[in-house]
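Before any comments, here is the structure.
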Amino acid sequence: MSADAALKTPLAFDPLKVRAEFPILAREVYGKPLVYLDNAASAQKPEAVLEALRRGYAEEYANVHRGLHFLSNRSTERYEAARASIARFLNAERAEEIIFTSGSTDALNLVASSWAEPRIKAGDEIVLTILEHHSNIVPWHYLRERHGAVLKWAPIHDDGSLDMEAFEKLLTDRTKLVAITHMSNALGTILPAKELIAMAHARGIPVLLDGSQGAVHLRPDVRDLDVDFYAITGHKLYGPSGIGALYAKREHLDAMRPYRGGGEMIREVTMETVTYADPPHRFEAGTPPIVQAIGLGAALDWMMALDWPAAQAHEADLIAYAHERFGQFNWLHPLGTTAEKGAILSFTMDGAHPHDISTFIDRQGVAVRAGHHCAQPLMDRYDVPATTRASFALYNTREDVDRLMDALLKCRELFA
Ligand SMILES: Cc1ncc(COP(=O)(O)O)c(C=O)c1O
């Protein structure tokens with residue numbers, strides 16, 4: 001939903017109730033109430049997740065898939081139930097289409113290593129956008145360096161929206177994969193994923209979506225999108241760090257070689273041979289992050305219990321309000337102003353470097369991020385070394401936006 005439409009939508013979502021479920025948000029920093037606006041880097045955790053982690057270790061802990069004892073069976077049940085929660089969250093057809101990974105970086109590397117590497121020859125093309133996070137760039141650079149793959153970059157317009165015509169022109173009979181973000185972590189731009197996937201599929205090209213941000217704000221439906229691969233990361237989804245997942249269509253998983261070798265991913269090992277387990281276990285070597293996976297399941301169950309259209313309207317209201325407030329000052333310059341954007345506001349400010357801004361407003365209790373946001377090609381596109389980024393979550397309020405603005409006004413007094 002565009003920000004304009006959201007402003008007209010009555011809000012039936014109570015962010016204060018949601019906020020009360022996050023104990024850390026009650027704390028102060030430097031004697032000031034915390035305003036946490038660094039959610040695109042990592043979100044805070046609700047009680048439901050903290051309790052799942054506590055129970056996972058305090059009451060139900062053992063290794064999974066190995067034991068014939070009570071606790072091992074219990075932790076295996078919880079671990080597999082978390083996989084089922086992820087499948088429900090993404091609307092995957094089967095839980096077997098969900099591979100646990102350590103995060104989206106790991107999920108993207110899994111696709112590059114197990115699916116793409118054996119299929120890529122010198123001159124084959126991979127289409128990315130200029131919006132990508134380094135996690136969805138560097139694995140493809142590996143294929144460029146090691147196998148002669150050619151990376152093609154779809155450009156954006158000045159407002160941060162994708163140049164669709166240019167994107168379509170990049171799709172050729174050499175294109176082996178489209179690997180693009182669902183939502184930019186640096187600008188908040190939401191890509192018209194369904195349309196882009198249809199364009200690629202019309203030419204027989206599979207599509208990977210980096211859903212690190214998209215899954216947090218858009219409630220993706222992998223079947224409706226008809227996407228081939230979708231990567232998510234737990235710590236941005238109100239869950240633990242060290243856990244994430246890859247959704248892949250079963251036909252791809254069946255055809256993919258294993259990722260890492262080790263215990264739990266084999267059918268049989270002899271001195272001369274090895275055969276591999278079926279997906280998803282083929283891709284999950286070794287002892288997994290058991291309790292983190294259970295925590296991610298709890299986070300997604302928590303998200304699925306929310307009134308999602310109202311929650312999305314709340315986030316759209318926040319970003320529209322933030323842009324409205326920023327528009328009052330000609331010394332603030334937001335990057336990424338397309339209406340099709342999520343609750344992320346990247347900006348530069350006359351007279352102050354992003355690192356100075358973030359350090360200064362941190363002392364006012366306002367946590368934001370400054371830097372290139374692991375999106376250096378995008379920074380080059382705008383000819384800036386860095387931006388300051390305020391990124392919003394379900395528990396943020398208009399008051400948080402006002403506290404950000406007050407802090408920026410003080411910062412302006414100092415640096416102007
Ligand atoms: C768009 C995007 N892709 C990938 C990642 C990498 O996620 P992780 O570090 O959790 O693997 C991030 C994290 O900032 C991101 O925002």
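How things are named: the first chain in the structure tokens is A, the next is B, and so on; residues count from 1 in each chain; ligands count from 1 in the order shown.
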request  = Enumerate as a ChimeraX atom specification all residues of range 16-121 of chain A assigned to strand (DSSP E) by DSSP on the backbone, naming them with the chain letters and numbers the document uses.
outcome  = /A:28-29,32-33,35-36,98-101
Using all heavy atoms, can you export the residues from the last selection as a PDB file, in the first residue's frame?
ATOM      1  N   GLU A  28      16.119   2.765  29.372  1.00  0.00           N
ATOM      2  CA  GLU A  28      16.651   4.068  28.987  1.00  0.00           C
ATOM      3  C   GLU A  28      18.090   3.897  28.514  1.00  0.00           C
ATOM      4  O   GLU A  28      18.753   2.928  28.887  1.00  0.00           O
ATOM      5  CB  GLU A  28      16.645   5.001  30.198  1.00  0.00           C
ATOM      6  CG  GLU A  28      15.248   5.282  30.712  1.00  0.00           C
ATOM      7  CD  GLU A  28      15.228   6.386  31.754  1.00  0.00           C
ATOM      8  OE1 GLU A  28      16.290   6.620  32.378  1.00  0.00           O
ATOM      9  OE2 GLU A  28      14.170   7.006  31.926  1.00  0.00           O
ATOM     10  N   VAL A  29      18.548   4.831  27.670  1.00  0.00           N
ATOM     11  CA  VAL A  29      19.980   4.909  27.356  1.00  0.00           C
ATOM     12  C   VAL A  29      20.397   6.361  27.604  1.00  0.00           C
ATOM     13  O   VAL A  29      19.668   7.273  27.243  1.00  0.00           O
ATOM     14  CB  VAL A  29      20.310   4.468  25.912  1.00  0.00           C
ATOM     15  CG1 VAL A  29      20.067   2.991  25.711  1.00  0.00           C
ATOM     16  CG2 VAL A  29      19.533   5.263  24.878  1.00  0.00           C
ATOM     17  N   LYS A  32      17.833   8.638  28.908  1.00  0.00           N
ATOM     18  CA  LYS A  32      16.686   9.034  28.058  1.00  0.00           C
ATOM     19  C   LYS A  32      15.934   7.778  27.633  1.00  0.00           C
ATOM     20  O   LYS A  32      16.561   6.738  27.402  1.00  0.00           O
ATOM     21  CB  LYS A  32      17.183   9.735  26.791  1.00  0.00           C
ATOM     22  CG  LYS A  32      18.142  10.877  27.030  1.00  0.00           C
ATOM     23  CD  LYS A  32      17.472  12.198  26.733  1.00  0.00           C
ATOM     24  CE  LYS A  32      18.232  13.397  27.228  1.00  0.00           C
ATOM     25  NZ  LYS A  32      19.628  13.471  26.870  1.00  0.00           N
ATOM     26  N   PRO A  33      14.613   7.865  27.499  1.00  0.00           N
ATOM     27  CA  PRO A  33      13.876   6.690  26.994  1.00  0.00           C
ATOM     28  C   PRO A  33      14.392   6.294  25.613  1.00  0.00           C
ATOM     29  O   PRO A  33      14.648   7.164  24.779  1.00  0.00           O
ATOM     30  CB  PRO A  33      12.422   7.167  26.908  1.00  0.00           C
ATOM     31  CG  PRO A  33      12.367   8.425  27.691  1.00  0.00           C
ATOM     32  CD  PRO A  33      13.743   9.021  27.728  1.00  0.00           C
ATOM     33  N   VAL A  35      14.598   5.269  21.899  1.00  0.00           N
ATOM     34  CA  VAL A  35      13.829   5.285  20.642  1.00  0.00           C
ATOM     35  C   VAL A  35      14.624   4.418  19.673  1.00  0.00           C
ATOM     36  O   VAL A  35      15.692   4.809  19.203  1.00  0.00           O
ATOM     37  CB  VAL A  35      13.687   6.720  20.090  1.00  0.00           C
ATOM     38  CG1 VAL A  35      13.020   6.697  18.724  1.00  0.00           C
ATOM     39  CG2 VAL A  35      12.884   7.574  21.049  1.00  0.00           C
ATOM     40  N   TYR A  36      14.125   3.238  19.410  1.00  0.00           N
ATOM     41  CA  TYR A  36      14.897   2.274  18.619  1.00  0.00           C
ATOM     42  C   TYR A  36      14.452   2.323  17.156  1.00  0.00           C
ATOM     43  O   TYR A  36      13.352   1.865  16.815  1.00  0.00           O
ATOM     44  CB  TYR A  36      14.725   0.860  19.191  1.00  0.00           C
ATOM     45  CG  TYR A  36      15.662  -0.132  18.526  1.00  0.00           C
ATOM     46  CD1 TYR A  36      17.010  -0.170  18.856  1.00  0.00           C
ATOM     47  CD2 TYR A  36      15.195  -1.002  17.545  1.00  0.00           C
ATOM     48  CE1 TYR A  36      17.884  -1.048  18.231  1.00  0.00           C
ATOM     49  CE2 TYR A  36      16.050  -1.889  16.916  1.00  0.00           C
ATOM     50  CZ  TYR A  36      17.400  -1.907  17.268  1.00  0.00           C
ATOM     51  OH  TYR A  36      18.258  -2.770  16.648  1.00  0.00           O
ATOM     52  N   ILE A  98      11.475 -25.775   3.022  1.00  0.00           N
ATOM     53  CA  ILE A  98      12.146 -24.797   3.887  1.00  0.00           C
ATOM     54  C   ILE A  98      13.444 -25.396   4.411  1.00  0.00           C
ATOM     55  O   ILE A  98      13.443 -26.431   5.088  1.00  0.00           O
ATOM     56  CB  ILE A  98      11.249 -24.427   5.100  1.00  0.00           C
ATOM     57  CG1 ILE A  98       9.870 -23.938   4.639  1.00  0.00           C
ATOM     58  CG2 ILE A  98      11.957 -23.423   6.002  1.00  0.00           C
ATOM     59  CD1 ILE A  98       9.871 -22.690   3.783  1.00  0.00           C
ATOM     60  N   ILE A  99      14.551 -24.731   4.107  1.00  0.00           N
ATOM     61  CA  ILE A  99      15.868 -25.149   4.605  1.00  0.00           C
ATOM     62  C   ILE A  99      16.281 -24.163   5.693  1.00  0.00           C
ATOM     63  O   ILE A  99      16.288 -22.948   5.451  1.00  0.00           O
ATOM     64  CB  ILE A  99      16.958 -25.047   3.498  1.00  0.00           C
ATOM     65  CG1 ILE A  99      16.483 -25.616   2.170  1.00  0.00           C
ATOM     66  CG2 ILE A  99      18.268 -25.662   3.969  1.00  0.00           C
ATOM     67  CD1 ILE A  99      16.236 -27.064   2.182  1.00  0.00           C
ATOM     68  N   PHE A 100      16.639 -24.670   6.856  1.00  0.00           N
ATOM     69  CA  PHE A 100      17.193 -23.776   7.868  1.00  0.00           C
ATOM     70  C   PHE A 100      18.605 -23.377   7.462  1.00  0.00           C
ATOM     71  O   PHE A 100      19.410 -24.220   7.035  1.00  0.00           O
ATOM     72  CB  PHE A 100      17.230 -24.460   9.238  1.00  0.00           C
ATOM     73  CG  PHE A 100      15.896 -24.468   9.934  1.00  0.00           C
ATOM     74  CD1 PHE A 100      15.275 -25.673  10.249  1.00  0.00           C
ATOM     75  CD2 PHE A 100      15.270 -23.284  10.290  1.00  0.00           C
ATOM     76  CE1 PHE A 100      14.050 -25.690  10.888  1.00  0.00           C
ATOM     77  CE2 PHE A 100      14.040 -23.288  10.937  1.00  0.00           C
ATOM     78  CZ  PHE A 100      13.433 -24.493  11.241  1.00  0.00           C
ATOM     79  N   THR A 101      18.903 -22.091   7.626  1.00  0.00           N
ATOM     80  CA  THR A 101      20.244 -21.560   7.358  1.00  0.00           C
ATOM     81  C   THR A 101      20.624 -20.682   8.553  1.00  0.00           C
ATOM     82  O   THR A 101      19.820 -20.509   9.464  1.00  0.00           O
ATOM     83  CB  THR A 101      20.244 -20.689   6.078  1.00  0.00           C
ATOM     84  OG1 THR A 101      19.405 -19.546   6.312  1.00  0.00           O
ATOM     85  CG2 THR A 101      19.742 -21.456   4.874  1.00  0.00           C
TER      86      THR A 101
END
task = Using only C-alpha atoms and all ligand atoms, find each residue with an atom at most 9 Å away from ligand 1 and format the answer as a ChimeraX atom specification.
result = /A:40-42,102-108,131-136,181-186,210-214,231-236,241-244,373-375
Per-residue nearest contacts of range 30-123 of chain A to range 145-149 of chain A (10 Å; only C-alpha atoms) as JSON lines:
{"residue": "A:Glu117", "atom": "CA", "partner": "A:His147", "partner_atom": "CA", "distance": 8.1}
{"residue": "A:Pro118", "atom": "CA", "partner": "A:His147", "partner_atom": "CA", "distance": 9.8}
{"residue": "A:Ile120", "atom": "CA", "partner": "A:Ala149", "partner_atom": "CA", "distance": 6.7}
{"residue": "A:Lys121", "atom": "CA", "partner": "A:His147", "partner_atom": "CA", "distance": 6.1}
{"residue": "A:Ala122", "atom": "CA", "partner": "A:Gly148", "partner_atom": "CA", "distance": 4.1}
{"residue": "A:Gly123", "atom": "CA", "partner": "A:Ala149", "partner_atom": "CA", "distance": 5.4}
message = Ranking A:His141, A:Lys410, A:Arg19, A:His333 by minimum distance to Arg389 in chain A and counting only C-alpha atoms, which one comes first?
response =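 With only C-alpha atoms as the atom set, the closest residue is A:His333.
Closest approach to Tyr142 in chain A among A:Ala112, A:Asp406, A:Ala320, A:Val64 is made by A:Ala112 (distances from only C-alpha atoms).
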task = Pick out the residues sitting within 6 Å of Ala390 in chain A, and hand them over as a PyMOL selection string; count only C-alpha atoms, and ignore anything fewer than 6 positions along from it in its own chain.
result = chain A and resi 37+344-345+368
Test item: residues at most 10 Å from Ala311 in chain A, only C-alpha atoms, excluding those fewer than 2 positions along its chain, as JSON, numbers by chain = {"A": [11, 12, 13, 14, 15, 217, 303, 306, 307, 308, 309, 313, 314, 315, 316, 317, 393, 394, 395]}
Those selected residues, please, written with N, CA and C atoms and delivered as a compact mmCIF listing (two decimals), in the first residue's frame.
# COMPACT_ATOMS: atom_id res chain seq x y z
N LEU A 11 -6.76 3.43 11.54
CA LEU A 11 -5.83 2.47 12.14
C LEU A 11 -6.53 1.65 13.22
N ALA A 12 -6.50 0.34 13.05
CA ALA A 12 -7.11 -0.55 14.04
C ALA A 12 -6.03 -1.35 14.73
N PHE A 13 -4.83 -0.80 14.79
CA PHE A 13 -3.68 -1.53 15.30
C PHE A 13 -3.13 -0.72 16.47
N ASP A 14 -2.87 -1.38 17.58
CA ASP A 14 -2.41 -0.63 18.74
C ASP A 14 -0.91 -0.86 18.96
N PRO A 15 -0.08 0.05 18.46
CA PRO A 15 1.37 -0.15 18.59
C PRO A 15 1.81 -0.14 20.05
N HIS A 217 8.08 -6.84 6.31
CA HIS A 217 7.06 -5.80 6.11
C HIS A 217 5.95 -6.19 5.15
N MET A 303 3.99 -13.05 14.73
CA MET A 303 3.63 -12.13 13.63
C MET A 303 2.31 -12.54 12.97
N LEU A 306 -0.99 -11.33 14.41
CA LEU A 306 -1.35 -9.90 14.37
C LEU A 306 -2.40 -9.64 13.29
N ASP A 307 -3.12 -8.53 13.47
CA ASP A 307 -4.04 -8.08 12.41
C ASP A 307 -3.15 -7.44 11.34
N TRP A 308 -2.76 -8.22 10.36
CA TRP A 308 -1.70 -7.80 9.47
C TRP A 308 -2.04 -6.57 8.62
N PRO A 309 -3.23 -6.50 8.00
CA PRO A 309 -3.52 -5.28 7.23
C PRO A 309 -3.43 -4.02 8.10
N ALA A 313 -0.81 -0.95 7.74
CA ALA A 313 -1.29 0.44 7.66
C ALA A 313 -0.56 1.30 8.68
N HIS A 314 -0.29 0.73 9.85
CA HIS A 314 0.46 1.46 10.87
C HIS A 314 1.86 1.81 10.37
N GLU A 315 2.55 0.85 9.78
CA GLU A 315 3.91 1.12 9.27
C GLU A 315 3.86 2.15 8.14
N ALA A 316 2.84 2.05 7.29
CA ALA A 316 2.72 3.01 6.19
C ALA A 316 2.45 4.41 6.74
N ASP A 317 1.67 4.48 7.81
CA ASP A 317 1.43 5.78 8.45
C ASP A 317 2.74 6.36 9.00
N ALA A 393 9.70 -0.30 12.97
CA ALA A 393 9.10 -1.62 13.20
C ALA A 393 7.69 -1.41 13.74
N LEU A 394 7.02 -2.53 13.97
CA LEU A 394 5.61 -2.48 14.39
C LEU A 394 5.43 -1.74 15.71
N TYR A 395 6.47 -1.74 16.55
CA TYR A 395 6.33 -1.11 17.88
C TYR A 395 6.69 0.36 17.89
ask   = When DSSP works through the backbone of this structure, what residues of range 47-281 of chain A end up as helix (DSSP H, G or I), shown as a PyMOL selection string?
value = chain A and resi 47-58+70-90+95-97+104-119+134-136+138-147+164-170+193-201+214-217+222-225+234-236+250-255+281
message = Nearest residue to Arg88 in chain A out of A:Gly56, A:Pro279, A:Pro155, A:Gly297, using only C-alpha atoms?
response = A:Gly297
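Checking A:Val269, A:Leu409, A:Met256, A:Ala81 one by one against Ala298 in chain A, counting only C-alpha atoms, you find the shortest gap at A:Ala81.
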task = Pick out the closest residue to Ala95 in chain A from this set: A:Pro354, A:Pro280, A:Gly365, A:Pro240. Count only C-alpha atoms.
result =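 Selected residue with least distance to Ala95 in chain A: A:Pro280.
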query = Pick from A:Arg119, A:Arg203, A:His157, A:Arg223: nearest to Leu90 in chain A, with only C-alpha atoms counted?
reply = A:Arg223
note = One decimal place gives the CA of Leu237 in chain A-CA of Val49 in chain A separation as 10.7 Å
request  = Rounded to one decimal place, report the CA of Met379 in chain A-CA of Ser346 in chain A distance in Å.
outcome  =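 These two atoms are separated by 11.0 Å.
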